[in-house]
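Take a look at the structure below.
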Number of protein chains: 2
Amino acid sequence: MFRSHTCGQLRIEQVGSQVTLAGWVQRTRKLGGMTFVDLRDRYGLTQLAFDEAVNKELSDKAQKLGREYVVQVIGTVAERSSKNAKMPTGDIEIIVSELIILNVSETPPFTIEDETDGGDELRMKYRYLDLRRNAVRKNLELRNRLCFETRNYLIQKDFIETETPVLIKSTPEGARDFVVPSRMNQGEFYALPQSPQVFKQLLMVAGFDRYFQIVKCFRDEDLRADRQPEFTQIDCEMAFIEQEDILNTFEGLVKAIFKNVKGIEFSADFPRMSYADAMEFYGSDKPDIRFDMRFVDLSAIAKNRDFGVFNDAEYIGAICAENCATYTRKELDGLTEFVKRPQIGAKGLVYVRYEADGILKSSVDKFYNQDDLKVWAEKLGAKPGDLILVLSGEKDKTLKHLGELRLEMGSRMGLRNKDVFKPLWVIDFPLLEWDEDHQRFSAMHHPFTAPKPEDIGLLETNPAAVRANAYDLVINGVELGGGSIRIYDKDLQALMFKTLGFTKEKAEYQFGFLMNAFKFGAPPHGGIAFGLDRFVSLLAGLDSIRDCIAFPKNNSGRDVMIDAPSLIDDEQLKELNLIVNLPK
Amino acid sequence: MFRSHTCGQLRIEQVGSQVTLAGWVQRTRKLGGMTFVDLRDRYGLTQLAFDEAVNKELSDKAQKLGREYVVQVIGTVAERSSKNAKMPTGDIEIIVSELIILNVSETPPFTIEDETDGGDELRMKYRYLDLRRNAVRKNLELRNRLCFETRNYLIQKDFIETETPVLIKSTPEGARDFVVPSRMNQGEFYALPQSPQVFKQLLMVAGFDRYFQIVKCFRDEDLRADRQPEFTQIDCEMAFIEQEDILNTFEGLVKAIFKNVKGIEFSADFPRMSYADAMEFYGSDKPDIRFDMRFVDLSAIAKNRDFGVFNDAEYIGAICAENCATYTRKELDGLTEFVKRPQIGAKGLVYVRYEADGILKSSVDKFYNQDDLKVWAEKLGAKPGDLILVLSGEKDKTLKHLGELRLEMGSRMGLRNKDVFKPLWVIDFPLLEWDEDHQRFSAMHHPFTAPKPEDIGLLETNPAAVRANAYDLVINGVELGGGSIRIYDKDLQALMFKTLGFTKEKAEYQFGFLMNAFKFGAPPHGGIAFGLDRFVSLLAGLDSIRDCIAFPKNNSGRDVMIDAPSLIDDEQLKELNLIVNLPK
C-alpha cells in the first residue's frame with residue numbers, strides 16, 4: 001500500500017500519529033514561511049503543511065508541485081491553528097517529513113472543481129479528468145449504491161439474477177438493432193438485444209419463477225438529448241403472479257431504494273391512475289404530479305358565443321395557475337410563443353386573469369362577458385389572483401399541448417422541486433396503437449403484452465379499444481419503468497401476431513422458439529423493467545443521463561475520448577466477407 | 001398470486017391448513033382408488049392426492065394430466081401415511097379440492113429429471129426445458145450466489161462497481177474483436193470489448209481507486225470445447241497498491257466465496273509458486289496441486305550409459321507414481337500411447353517398476369543396471385511398489401509432455417477429487433513471449449503489464465529475461481484469474497509499445513487516449529480478472545462451462561434455440577452501407 005490512510009479519514013483523534021497519504025495535488029499556496037498543499041483522493045482532501053524554517057529543501061519541493069501531480073507523503077498528524085469546519089478533515093493537517101512525487105501532470109485542460117470551467121465537449125474528451133470531480137464521481141457512487149440495494153432487495157425475495165445472451169438474433173420490429181457480423185457463420189449476423197424480453201419469458205417457461213438482471217441494452221436510434229445507444233435496465237420477471245403482485249413487489253423495491261439510498265420514506269401506497277385519466281387530465285402518459293393543475297374541459301360551456309376558434313374546436317381545455325394573475329402582457333406573450341413553438345405546435349393561447357379585485361380580464365373579452373368568464377372560473381375552481389390558460393383544437397393534440405403548457409407553468413411557478421419525489425403508477429394502457437406510416441396497428445409495449453381478459457373479444461372487432469395489463473412507474477414526470485402481464489397461451493399469442501400484421505411465416509421465423517416454448521407448459525407471468533440511467537439521474541437531480549454514465553457517448557453515438565467508432569482493417573472486413581459501400 | 005406456498009415449503013406443521021399451490025406435473029400414478037400427482041416448481045416437489053371415492057370427477061381429471069402440464073390446486077395439507085424421508089415435503093400431501101389447468105403441454109422431447117435422456121444438441125435446442133432440471137438450475141443459482149457474495153465482499157471494501165462501455169474501438173492485437181457497424185458514422189465500426197482493460201485503467205487515472213465489475217466480454221475465436229464467444233469476468237482494479245496488496249485482497253475474496261457459497265474454509269495462506277518453478281516442476285503455468293508428483297530432473301545422472309535417446313536429449317525428466325508398480329504391460333502401453341497422441345506428441349515413454357521385492361524392472365534394462373536404476377529411484381524418493389515414468393527430449397516440450405502425463409496419472413490414481421480445492425498463486429510471469437509467426441515479442445498478458453523494476457534494464461538488451469509483476473490464481477489446475485501491476489509512466493509505456501513492435505503512429509492511433517491520460521497524473525495501479533464461468537463450473541464440479549450459462553452457444557458460436565446468428569434484411573444492410581460478399 002502506498003498509504004496508511006485515505007485523504008478523507010484523519011480526525012483530531014489521530015493527532016500525533018505518523019501517517020502515509022497518497023493522492024493528487026488539488027492546490028498549493030504559500031503563507032509567509034509556510035507552504036500548504038491540499039491533497040485529494042476519492043475520499044476527501046487533507047491539508048499538508050511544510051515549514052521553510054524546518055526544512056527549506058522539502059518546502060521548496062512542495063512549492064513546485066503542479067496541480068494534479070500524484071504524490072505520496074509521510075508525516076505527522078497535527079491540530080490546525082485555524083480550523084476549517086467545512087472539511088471533515090478540517091481540524092488537522094499533516095506536518096510532512098517526506099515527499100515522494102509518484103507522477104507528474106501537465107496542466108489539465110479544465111479545473112478539477114465541483115464547478116468546472118470545462119465545456120461538455122472538453123469534459124467528454126478528457127472524461128478521466130472529469131471523473132476526478134466530486135460532482136461526477138458522486139453520481140457513479142450513487143449508481144453503484146442503487147444497484148447494490150436493488151440486488152439486496154430482490155435476492156432476499158428469491159429472485160435469481162441470470163445473465164441472458166448479448167449476441168442474439170435480429171428482430172426488425174420497433175427500434176433498429178445493432179448487428180454483429182459472424183465470421184464463423186458466413187454471411188450471418190448476430191444482433192445486440194434491445195432488451196432481454198424473450199429470454200426472460202423463456203426463463204419463466206423454464207420455471208425460474210423470479211428473475212432479474214441489471215443489464216446493458218442497445219438501440220441504434222437517432223439520439224435525442226437523453227438517449228444513449230447503450231443503456232442499462234433493471235430487468236425483472238415473475239411467474240404465477242397477477243398485475244397486483246408485480247405492482248406490490250416493485251413498489252417495495254422502489255421504496256427500499258429511496259429509503260436506503262436517499263433516506264426518503266414513502267409510507268403511503270403509490271397512487272394509481274389509468275392511462276385514460278392521465279391523458280385526459282394531464283395530457284401525458286407520464287404526469288408530473290408534484291403539482292396538481294389538472295385540465296378542466298370547457299368544451300361544453302365555452303361554445304356559447306361568437307368565438308369561431310372555440311366553436312370549431314373538438315376540445316377546449318384549461319388550467320388554473322394559482323396567483324399568476326399578475327403576469328404581465330410580456331409574460332403572457334411569452335407563454336403564447338411557448339405553445340406556438342414548432343416542437344409544441346398550438347395555434348394560440350387564450351388567457352383569463354382573475355384580478356385581485358374580482359374582475360376577469362381575458363384575451364377574448366370581445367366574445368365573453370364577465371358572467372361567461374365567471375362560469376369558466378367556477379368550473380376551474382379559480383380564485384381572485386389566479387390565471388386561467390385555455391387551449392383548443394383537435395382533442396388529442398390539444399391535450400398534449402396543454403400538457404406541455406402545464407409543465408412549463410409548473411416550472412415557472414417553482415412547483416417542480418428536484419428534491420421532492422412523487423411516484424405514480426399509470427395503468428390500463430391500450431394494447432395497440434395505430435401506426436400511420438404502415439397503416440396497421442402496432443403493439444404499444446411489445447407483442448407479448450396480454451390484453452385484459454375482459455377485452456379479448458374486442459381484438460378482432462375493435463382493436464383500438466383493447467386495454468392491456470400494462471403499467472408504467474412514473475416519478476416526477478419521468479417514466480422510470482414499465483411492464484406488463486404477458487401472453488402465455490400460444491393461440492392468443494398467434495392471434496396477437498396476426499393482429500399486428502405478421503404473416504404466419506414471419507412470426508415463425510422471428511419468434512418460433514418462443515411459440516414453441518409455449519407448447520410445453522408456459523406459466524402465467526409478467527414483469528417490469530426500470531431504466532437505470534434515468535433512475536440514477538432522477539435521484540441525483542441531473543438534467544441528463546450522461547453524467548451518471550462513466551463513459552457516455554455523444555449525440556452522434558461517438559465516444560470522443562477513445563474516438564469510436566472508427567475504421568477497421570481491410571483484413572478484418574475480408575474475414576467477415578464484408579464490403580463497405582459508402583454513398584457517393 | 002396463483003399460490004399461497006411453493007412446492008418446497010410445506011411441512012408437518014402445516015397439516016390442516018388450506019393452501020394453494022401452482023407448478024408443473026412431474027408425474028401421475030394410480031394406486032387403487034387413489035391418484036397421486038407430484039407437483040414441481042423451482043423450490044421442490046409436493047405430492048397431491050385425489051381419492052376416487054370422494055370425488056370421482058376430480059380424480060378422473062387428475063389422472064388425465066400430462067407431464068409438464070401447468071396446474072393450480074387448492075386443497076388441505078394432510079399427513080402422509082407412507083412418508084418419504086428423501087423429500088423435504090415427504091411428510092405431507094395435499095388433499096386436493098380444486099384443480100385448475102393453467103396450461104397444457106406437449107410431451108417434452110426429453111425427461112425433466114436429474115439424469116435426463118436428452119443429448120446435448122436436443123437439450124440446447126429446448127434449453128427452456130433443460131433449465132427446468134434441478135441439476136442445471138442449481139448451477140445458475142450457484143452463479144447468482146457467487147456474484148452476490150463477490151459484490152458484498154468488494155463493496156464492503158470500498159470498491160465501486162462501474163459499468164464500462166460495450167461499444168468501443170477495435171484494437172486488432174491478440175484475439176479477434178467482434179465488430180458492430182455504425183449507421184450514424186458511415187463506414188465506421190464499434191468493437192465489442194475483449195475486456196474492459198483500458199477503461200479500468202482510465203478509472204484509476206480518474207481516481208476511482210477501487211473498481212470492479214461483473215461484465216460480459218467478447219472474443220471472436222475459433223471455439224474450443226470450453227470457450228464461448230461471450231463470457232463473463234469479475235474485473236477488478238486498485239490504485240496506490242503493490243502486488244502484495246492485490247494478492248491479499250483477492251485471496252480474501254476467494255476465501256469469502258468458498259466459505260459463503262460452499263462452506264469451505266481455507267485457514268492458511270494460499271501457497272505461491274514462481275512461473276519458473278511451475279514450468280520446471282509441473283510443466284504447466286497452472287499446476288494442479290491436489291497431488292504432488294513433482295518432476296525430477298534426471299539429465300545429470302541418466303546420460304551415463306549407451307542409451308542414445310537420453311544421451312541426445314536436452315532434458316530427461318521423471319515422475320514417481322506411488323504404488324503403481326503393479327501396472328500391467330497393457331496399462332504401460334496405454335500410457336505410452338497417451339503421450340504419443342498428436343495432441344501431446346512425445347516420442348516415447350520409459351518406465352521403471354520398483355517391484356515390491358526391491359527389484360527394479362524397466363523398459364531400458366538393456367542400458368541400465370540395477371545400480372543405475374537405484375540412483376534414479378533415490379533421486380525420485382521412490383519406494384518399492386512405485387512406478388517411475390521418464391520422458392526426454394527438447395526441454396520446453398518435454399516439460400509440457402511430462403505435465404500432461406502427470407495429470408493423466410493423477411486422474412488414473414484418483415488424486416483429482418472434484419470436492420477437494422487446492423488454490424495456488426503463480427507469480428513472476430515473464431513479461432514477453434516470442435511470437436514465431438510474427439518474429440517479434442508479444443506481451444504474455446497485455447501491453448500494459450509492468451516489468452519488475454529490477455528487470456527494466458533488460459528490456460532493451462534481453463527482453464525474454466524480463467519478469468513481470470503478473471500473477472494468476474490457479475485452483476485444481478484451472479486458471480481462475482490473472483492480473484498484473486500496470487505501467488503508469490508514459491515513457492515506460494512508450495518503450496513497451498516499441499518493444500512490442502508498435503510504430504509510434506500505431507500506438508498513438510490505438511492507445512493514444514491512454515497515453516494521453518498518463519500525462520495527467522496516473523497513480524500506481526494494478527488489477528485482476530476472474531473468469532466467472534470457470535469459477536462457477538469449478539465450484540459446481542462441472543466438466544464444461546456451458547452448464548453454468550443460461551443460454552450458451554455451441555462450438556460453432558450458434559445459439560441453436562433461437563437460431564442465431566441469422567441472415568438480416570437487405571434494408572438493414574443498406575442502411576449500414578454494407579455488402580455481403582461470400583466466397584464462391
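Identifiers for the C-alpha cells are assigned positionally: chains receive A, B, ... in sequence, residues are indexed from 1 per chain, and ligands are indexed from 1 in the order shown.
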**Q.** Backbone-only DSSP, strand (DSSP E or B) members of region 47-94 of chain A, as a list in words
**A.**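 Across region 47-94 of chain A, those assigned strand (DSSP E or B) are Gln47, Leu48, Ala49, Phe50, Asp51, Val70, Val71, Gln72, Val73, Ile74, Gly75, Thr76, Val77, Ala78, Glu79, Ile92, Glu93 and Ile94 of chain A.
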Save out the residues we just selected, N, CA and C atoms, as an mmCIF file, in the first residue's frame.
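This went into result-v6.cif:
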data_model
loop_
_atom_site.group_PDB
_atom_site.id
_atom_site.type_symbol
_atom_site.label_atom_id
_atom_site.label_comp_id
_atom_site.auth_asym_id
_atom_site.auth_seq_id
_atom_site.Cartn_x
_atom_site.Cartn_y
_atom_site.Cartn_z
ATOM 1 N N GLN A 47 -5.029 18.631 4.293
ATOM 2 C CA GLN A 47 -4.027 19.696 4.143
ATOM 3 C C GLN A 47 -2.656 19.196 4.582
ATOM 4 N N LEU A 48 -1.668 19.436 3.723
ATOM 5 C CA LEU A 48 -0.289 19.111 4.049
ATOM 6 C C LEU A 48 0.432 20.420 4.377
ATOM 7 N N ALA A 49 1.280 20.407 5.385
ATOM 8 C CA ALA A 49 1.981 21.638 5.769
ATOM 9 C C ALA A 49 3.490 21.436 5.700
ATOM 10 N N PHE A 50 4.176 22.429 5.132
ATOM 11 C CA PHE A 50 5.628 22.406 5.002
ATOM 12 C C PHE A 50 6.163 23.719 5.573
ATOM 13 N N ASP A 51 7.076 23.617 6.516
ATOM 14 C CA ASP A 51 7.629 24.818 7.155
ATOM 15 C C ASP A 51 9.044 25.045 6.631
ATOM 16 N N VAL A 70 0.777 13.491 -8.752
ATOM 17 C CA VAL A 70 0.453 12.399 -7.836
ATOM 18 C C VAL A 70 1.594 12.275 -6.840
ATOM 19 N N VAL A 71 1.296 12.438 -5.555
ATOM 20 C CA VAL A 71 2.369 12.399 -4.564
ATOM 21 C C VAL A 71 2.018 11.479 -3.405
ATOM 22 N N GLN A 72 3.092 11.047 -2.764
ATOM 23 C CA GLN A 72 2.970 10.269 -1.531
ATOM 24 C C GLN A 72 3.707 11.060 -0.465
ATOM 25 N N VAL A 73 3.107 11.178 0.715
ATOM 26 C CA VAL A 73 3.792 11.899 1.793
ATOM 27 C C VAL A 73 3.778 11.076 3.064
ATOM 28 N N ILE A 74 4.855 11.235 3.830
ATOM 29 C CA ILE A 74 4.900 10.662 5.171
ATOM 30 C C ILE A 74 4.969 11.835 6.130
ATOM 31 N N GLY A 75 4.226 11.788 7.202
ATOM 32 C CA GLY A 75 4.239 12.918 8.116
ATOM 33 C C GLY A 75 3.460 12.620 9.379
ATOM 34 N N THR A 76 3.301 13.653 10.184
ATOM 35 C CA THR A 76 2.641 13.507 11.478
ATOM 36 C C THR A 76 1.368 14.340 11.487
ATOM 37 N N VAL A 77 0.308 13.768 12.036
ATOM 38 C CA VAL A 77 -0.959 14.492 12.121
ATOM 39 C C VAL A 77 -0.858 15.535 13.228
ATOM 40 N N ALA A 78 -1.222 16.787 12.870
ATOM 41 C CA ALA A 78 -1.165 17.861 13.866
ATOM 42 C C ALA A 78 -2.486 18.621 13.869
ATOM 43 N N GLU A 79 -2.799 19.227 14.997
ATOM 44 C CA GLU A 79 -4.010 20.042 15.083
ATOM 45 C C GLU A 79 -3.757 21.348 14.346
ATOM 46 N N ILE A 92 -7.373 19.073 11.216
ATOM 47 C CA ILE A 92 -5.985 18.619 11.268
ATOM 48 C C ILE A 92 -5.213 18.982 9.996
ATOM 49 N N GLU A 93 -3.923 18.827 10.086
ATOM 50 C CA GLU A 93 -3.077 18.904 8.894
ATOM 51 C C GLU A 93 -1.929 17.924 9.096
ATOM 52 N N ILE A 94 -1.181 17.678 8.041
ATOM 53 C CA ILE A 94 -0.047 16.755 8.139
ATOM 54 C C ILE A 94 1.246 17.563 8.079
#
Q.
Set the distance at 10 Å and use only C-alpha atoms: which residues neighbour region 456-460 of chain A once local chain neighbours fewer than 6 positions away are removed? I'd like the list as a list of chain:residue names.
A. A:Leu431, A:Leu432, A:Ala450, A:Val466, A:Arg467, A:Ala468, A:Leu492, A:Leu495, A:Met496, A:Lys498, A:Thr499
Would you put the residues from that selection into a file with all heavy atoms, as an mmCIF file, in the first residue's frame?
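Heads up, here's the output in selection.cif:
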data_model
loop_
_atom_site.group_PDB
_atom_site.id
_atom_site.type_symbol
_atom_site.label_atom_id
_atom_site.label_comp_id
_atom_site.auth_asym_id
_atom_site.auth_seq_id
_atom_site.Cartn_x
_atom_site.Cartn_y
_atom_site.Cartn_z
ATOM 1 N N LEU A 431 -53.621 -1.667 -25.571
ATOM 2 C CA LEU A 431 -52.768 -2.746 -26.052
ATOM 3 C C LEU A 431 -52.062 -2.336 -27.345
ATOM 4 O O LEU A 431 -50.890 -2.654 -27.554
ATOM 5 C CB LEU A 431 -53.620 -3.996 -26.308
ATOM 6 C CG LEU A 431 -52.872 -5.250 -26.755
ATOM 7 C CD1 LEU A 431 -51.991 -5.776 -25.623
ATOM 8 C CD2 LEU A 431 -53.849 -6.339 -27.199
ATOM 9 N N LEU A 432 -52.798 -1.608 -28.196
ATOM 10 C CA LEU A 432 -52.295 -1.325 -29.544
ATOM 11 C C LEU A 432 -52.339 0.162 -29.816
ATOM 12 O O LEU A 432 -53.089 0.901 -29.174
ATOM 13 C CB LEU A 432 -53.185 -2.044 -30.570
ATOM 14 C CG LEU A 432 -53.358 -3.550 -30.373
ATOM 15 C CD1 LEU A 432 -54.545 -4.062 -31.174
ATOM 16 C CD2 LEU A 432 -52.078 -4.278 -30.784
ATOM 17 N N ALA A 450 -50.194 -8.937 -22.573
ATOM 18 C CA ALA A 450 -51.512 -9.576 -22.529
ATOM 19 C C ALA A 450 -52.620 -8.525 -22.514
ATOM 20 O O ALA A 450 -52.547 -7.549 -21.773
ATOM 21 C CB ALA A 450 -51.616 -10.444 -21.281
ATOM 22 N N VAL A 466 -58.964 -2.168 -27.051
ATOM 23 C CA VAL A 466 -58.476 -3.211 -26.145
ATOM 24 C C VAL A 466 -57.456 -2.627 -25.163
ATOM 25 O O VAL A 466 -56.490 -1.996 -25.566
ATOM 26 C CB VAL A 466 -57.822 -4.368 -26.931
ATOM 27 C CG1 VAL A 466 -57.273 -5.423 -25.976
ATOM 28 C CG2 VAL A 466 -58.813 -4.974 -27.905
ATOM 29 N N ARG A 467 -57.733 -2.833 -23.882
ATOM 30 C CA ARG A 467 -56.765 -2.377 -22.877
ATOM 31 C C ARG A 467 -55.837 -3.534 -22.490
ATOM 32 O O ARG A 467 -56.209 -4.700 -22.568
ATOM 33 C CB ARG A 467 -57.496 -1.877 -21.633
ATOM 34 C CG ARG A 467 -58.232 -0.560 -21.842
ATOM 35 C CD ARG A 467 -59.202 -0.327 -20.708
ATOM 36 N NE ARG A 467 -60.063 -1.507 -20.533
ATOM 37 C CZ ARG A 467 -60.662 -1.828 -19.389
ATOM 38 N NH1 ARG A 467 -60.516 -1.070 -18.327
ATOM 39 N NH2 ARG A 467 -61.421 -2.908 -19.309
ATOM 40 N N ALA A 468 -54.634 -3.160 -22.090
ATOM 41 C CA ALA A 468 -53.644 -4.178 -21.740
ATOM 42 C C ALA A 468 -53.437 -4.204 -20.239
ATOM 43 O O ALA A 468 -53.689 -3.221 -19.545
ATOM 44 C CB ALA A 468 -52.317 -3.856 -22.411
ATOM 45 N N LEU A 492 -53.474 -17.368 -28.245
ATOM 46 C CA LEU A 492 -53.650 -15.924 -28.072
ATOM 47 C C LEU A 492 -52.437 -15.187 -28.646
ATOM 48 O O LEU A 492 -52.566 -14.142 -29.287
ATOM 49 C CB LEU A 492 -53.832 -15.594 -26.587
ATOM 50 C CG LEU A 492 -54.070 -14.122 -26.239
ATOM 51 C CD1 LEU A 492 -55.268 -13.557 -27.009
ATOM 52 C CD2 LEU A 492 -54.280 -13.933 -24.735
ATOM 53 N N LEU A 495 -52.841 -15.055 -32.314
ATOM 54 C CA LEU A 495 -53.844 -14.040 -32.664
ATOM 55 C C LEU A 495 -53.230 -12.647 -32.586
ATOM 56 O O LEU A 495 -53.462 -11.778 -33.429
ATOM 57 C CB LEU A 495 -55.054 -14.159 -31.728
ATOM 58 C CG LEU A 495 -56.132 -13.068 -31.854
ATOM 59 C CD1 LEU A 495 -56.723 -13.027 -33.264
ATOM 60 C CD2 LEU A 495 -57.247 -13.267 -30.815
ATOM 61 N N MET A 496 -52.412 -12.448 -31.571
ATOM 62 C CA MET A 496 -51.756 -11.155 -31.392
ATOM 63 C C MET A 496 -50.838 -10.855 -32.570
ATOM 64 O O MET A 496 -50.856 -9.755 -33.119
ATOM 65 C CB MET A 496 -50.972 -11.189 -30.075
ATOM 66 C CG MET A 496 -50.335 -9.876 -29.711
ATOM 67 S SD MET A 496 -51.557 -8.595 -29.277
ATOM 68 C CE MET A 496 -50.433 -7.225 -28.948
ATOM 69 N N LYS A 498 -51.079 -11.997 -35.520
ATOM 70 C CA LYS A 498 -51.933 -11.762 -36.677
ATOM 71 C C LYS A 498 -52.471 -10.327 -36.651
ATOM 72 O O LYS A 498 -52.431 -9.604 -37.657
ATOM 73 C CB LYS A 498 -53.087 -12.778 -36.668
ATOM 74 C CG LYS A 498 -53.888 -12.820 -37.961
ATOM 75 C CD LYS A 498 -55.041 -13.828 -37.859
ATOM 76 C CE LYS A 498 -56.260 -13.292 -38.596
ATOM 77 N NZ LYS A 498 -57.515 -13.883 -38.118
ATOM 78 N N THR A 499 -52.946 -9.898 -35.480
ATOM 79 C CA THR A 499 -53.463 -8.534 -35.338
ATOM 80 C C THR A 499 -52.390 -7.502 -35.695
ATOM 81 O O THR A 499 -52.672 -6.436 -36.219
ATOM 82 C CB THR A 499 -53.940 -8.307 -33.880
ATOM 83 O OG1 THR A 499 -54.805 -9.387 -33.513
ATOM 84 C CG2 THR A 499 -54.682 -6.989 -33.743
#
**Q.** 10 Å contact set for Ile168 (chain B), only C-alpha atoms, chain neighbours under 6 positions out, as number ranges by chain
**A.** A: 558-559, 562-566; B: 179-180, 189-193, 196, 199
Q) Between B:Leu298, B:Val426, B:Ala517, B:Ala464, which is the closest to Ala313 (chain B) once you count only C-alpha atoms? A) B:Leu298
Q) CA of Ala22 (chain A) and CA of Arg3 (chain A), how far apart in Å? A)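 One can read the CA of Arg3 (chain A) to CA of Ala22 (chain A) distance as 5.7 Å.
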**Q.** Who sits within 10 Å of Gly90 (chain B), only C-alpha atoms, same chain under 4 positions skipped, as a list in words
**A.**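 With the cut-off at 10 Å, the set is Gly8, Leu10, Arg11, Ile12, Leu45, Thr46, Gln47, Glu79, Arg80, Ser82, Lys83, Asn84, Ala85 and Lys86 of chain B.
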Those same residues, written as a compact mmCIF listing (two decimals), in the first residue's frame with all heavy atoms?
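Written out: selection_23.txt:
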# COMPACT_ATOMS: atom_id res chain seq x y z
N GLY B 8 -41.96 -26.44 -2.33
CA GLY B 8 -40.89 -26.94 -1.47
C GLY B 8 -41.08 -26.54 -0.03
O GLY B 8 -40.21 -26.77 0.81
N LEU B 10 -44.07 -26.80 2.29
CA LEU B 10 -44.98 -27.31 3.32
C LEU B 10 -44.37 -28.46 4.15
O LEU B 10 -43.67 -29.31 3.62
CB LEU B 10 -46.30 -27.75 2.68
CG LEU B 10 -47.09 -26.59 2.06
CD1 LEU B 10 -48.21 -27.09 1.17
CD2 LEU B 10 -47.63 -25.67 3.17
N ARG B 11 -44.64 -28.45 5.43
CA ARG B 11 -44.11 -29.43 6.38
C ARG B 11 -45.25 -29.95 7.26
O ARG B 11 -46.38 -29.46 7.17
CB ARG B 11 -43.05 -28.76 7.29
CG ARG B 11 -41.81 -28.22 6.55
CD ARG B 11 -40.92 -29.33 6.02
NE ARG B 11 -39.73 -28.78 5.37
CZ ARG B 11 -39.67 -28.38 4.11
NH1 ARG B 11 -40.74 -28.43 3.33
NH2 ARG B 11 -38.53 -27.92 3.59
N ILE B 12 -44.90 -30.84 8.12
CA ILE B 12 -45.90 -31.46 9.00
C ILE B 12 -46.64 -30.41 9.84
O ILE B 12 -47.82 -30.56 10.15
CB ILE B 12 -45.22 -32.55 9.89
CG1 ILE B 12 -46.25 -33.48 10.52
CG2 ILE B 12 -44.29 -31.93 10.93
CD1 ILE B 12 -46.66 -34.60 9.60
N LEU B 45 -40.83 -30.43 -4.72
CA LEU B 45 -41.93 -31.28 -5.19
C LEU B 45 -42.92 -31.44 -4.05
O LEU B 45 -42.51 -31.59 -2.90
CB LEU B 45 -41.41 -32.68 -5.53
CG LEU B 45 -40.71 -32.97 -6.84
CD1 LEU B 45 -40.24 -34.42 -6.83
CD2 LEU B 45 -41.61 -32.72 -8.03
N THR B 46 -44.20 -31.42 -4.35
CA THR B 46 -45.21 -31.74 -3.34
C THR B 46 -46.18 -32.75 -3.92
O THR B 46 -46.57 -32.65 -5.09
CB THR B 46 -45.95 -30.46 -2.90
OG1 THR B 46 -45.02 -29.56 -2.33
CG2 THR B 46 -47.04 -30.78 -1.86
N GLN B 47 -46.55 -33.73 -3.11
CA GLN B 47 -47.48 -34.77 -3.58
C GLN B 47 -48.92 -34.29 -3.42
O GLN B 47 -49.32 -33.82 -2.36
CB GLN B 47 -47.25 -36.07 -2.79
CG GLN B 47 -48.22 -37.17 -3.17
CD GLN B 47 -47.77 -38.52 -2.63
OE1 GLN B 47 -46.71 -39.04 -3.00
NE2 GLN B 47 -48.56 -39.07 -1.74
N GLU B 79 -51.20 -35.32 6.69
CA GLU B 79 -50.03 -36.14 6.98
C GLU B 79 -50.10 -37.37 6.08
O GLU B 79 -51.15 -37.97 5.88
CB GLU B 79 -50.05 -36.55 8.45
CG GLU B 79 -48.80 -37.31 8.85
CD GLU B 79 -48.68 -37.49 10.37
OE1 GLU B 79 -49.53 -36.96 11.11
OE2 GLU B 79 -47.73 -38.17 10.79
N ARG B 80 -48.95 -37.74 5.52
CA ARG B 80 -48.93 -38.92 4.65
C ARG B 80 -48.93 -40.18 5.49
O ARG B 80 -48.31 -40.20 6.56
CB ARG B 80 -47.64 -38.96 3.84
CG ARG B 80 -47.66 -38.12 2.62
CD ARG B 80 -46.68 -38.74 1.62
NE ARG B 80 -45.98 -37.69 0.90
CZ ARG B 80 -45.07 -37.94 -0.02
NH1 ARG B 80 -44.70 -39.19 -0.29
NH2 ARG B 80 -44.47 -36.96 -0.65
N SER B 82 -47.62 -43.11 4.20
CA SER B 82 -46.26 -43.61 3.98
C SER B 82 -45.36 -42.43 3.63
O SER B 82 -45.43 -41.87 2.54
CB SER B 82 -46.25 -44.65 2.86
OG SER B 82 -46.64 -44.06 1.65
N LYS B 83 -44.55 -42.02 4.60
CA LYS B 83 -43.72 -40.82 4.43
C LYS B 83 -42.50 -41.11 3.56
O LYS B 83 -42.04 -42.23 3.45
CB LYS B 83 -43.29 -40.31 5.80
CG LYS B 83 -44.45 -39.92 6.70
CD LYS B 83 -43.99 -39.12 7.91
CE LYS B 83 -45.18 -38.58 8.69
NZ LYS B 83 -46.16 -39.62 9.14
N ASN B 84 -42.01 -40.06 2.93
CA ASN B 84 -40.82 -40.17 2.09
C ASN B 84 -39.71 -39.30 2.69
O ASN B 84 -39.73 -38.07 2.55
CB ASN B 84 -41.15 -39.72 0.66
CG ASN B 84 -39.96 -39.85 -0.27
OD1 ASN B 84 -38.82 -40.01 0.18
ND2 ASN B 84 -40.22 -39.76 -1.57
N ALA B 85 -38.77 -39.93 3.35
CA ALA B 85 -37.74 -39.18 4.08
C ALA B 85 -36.77 -38.47 3.14
O ALA B 85 -36.05 -37.57 3.54
CB ALA B 85 -36.97 -40.12 5.00
N LYS B 86 -36.79 -38.87 1.86
CA LYS B 86 -35.84 -38.26 0.91
C LYS B 86 -36.29 -36.88 0.43
O LYS B 86 -35.51 -36.14 -0.14
CB LYS B 86 -35.68 -39.18 -0.30
CG LYS B 86 -34.81 -40.39 -0.02
CD LYS B 86 -34.62 -41.21 -1.27
CE LYS B 86 -34.13 -42.61 -0.93
NZ LYS B 86 -34.52 -43.57 -1.98
Q) Can you tell me how far CA of Gly263 (chain A) sits from CA of Val474 (chain A), in Å to one decimal? A)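 Computing it gives 19.6 Å between the two atoms.
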Q: Between A:Asp333, A:Asp491, A:Asp543, A:Glu322, single out the one closest to chain B, counting only C-alpha atoms.
A: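 Distance minimum relative to chain B lands on A:Asp491.
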Q: Find the residues around Arg440 (chain B) up to 12 Å (only C-alpha atoms counted), leave out those fewer than 2 positions away in its own chain, and share them as a PyMOL selection string.
A: chain B and resi 432-438+442-443+463-464+498-502
Q) Can you tell me, as a list in words, what residues are no more than 10 Å from Thr111 (chain B) when counting only C-alpha atoms, ignoring any on the same chain fewer than 6 positions away? A)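 Contacts, in chain order: Gln26, Arg67, Glu68, Asp117, Gly118, Leu129, Asp130 and Arg133 of chain B.
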Q: From a DSSP pass on the backbone, collect the residues of region 34-191 of chain B flagged as alpha helix (DSSP H) and hand them back as a PyMOL selection string.
A: chain B and resi 56-63+120-125+127-130+134-156
Q. Using only C-alpha atoms, which residues sit within 7 Å of Thr28 (chain A) once same-chain residues fewer than 2 positions away are excluded, as a list in words?
A. Phe36, Val37, Asp38 and Gln63 of chain A
Q: Considering only C-alpha atoms, state which residue in the set B:Phe281, B:Tyr69, B:Phe441, B:Tyr43 is at the smallest distance from chain A.
A: B:Tyr69
Q: For CA of Ala356 (chain A) and CA of Val296 (chain A), quote the distance in Å rounded to one decimal.
A: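 Rounded to one decimal, the two atoms are 21.9 Å apart.
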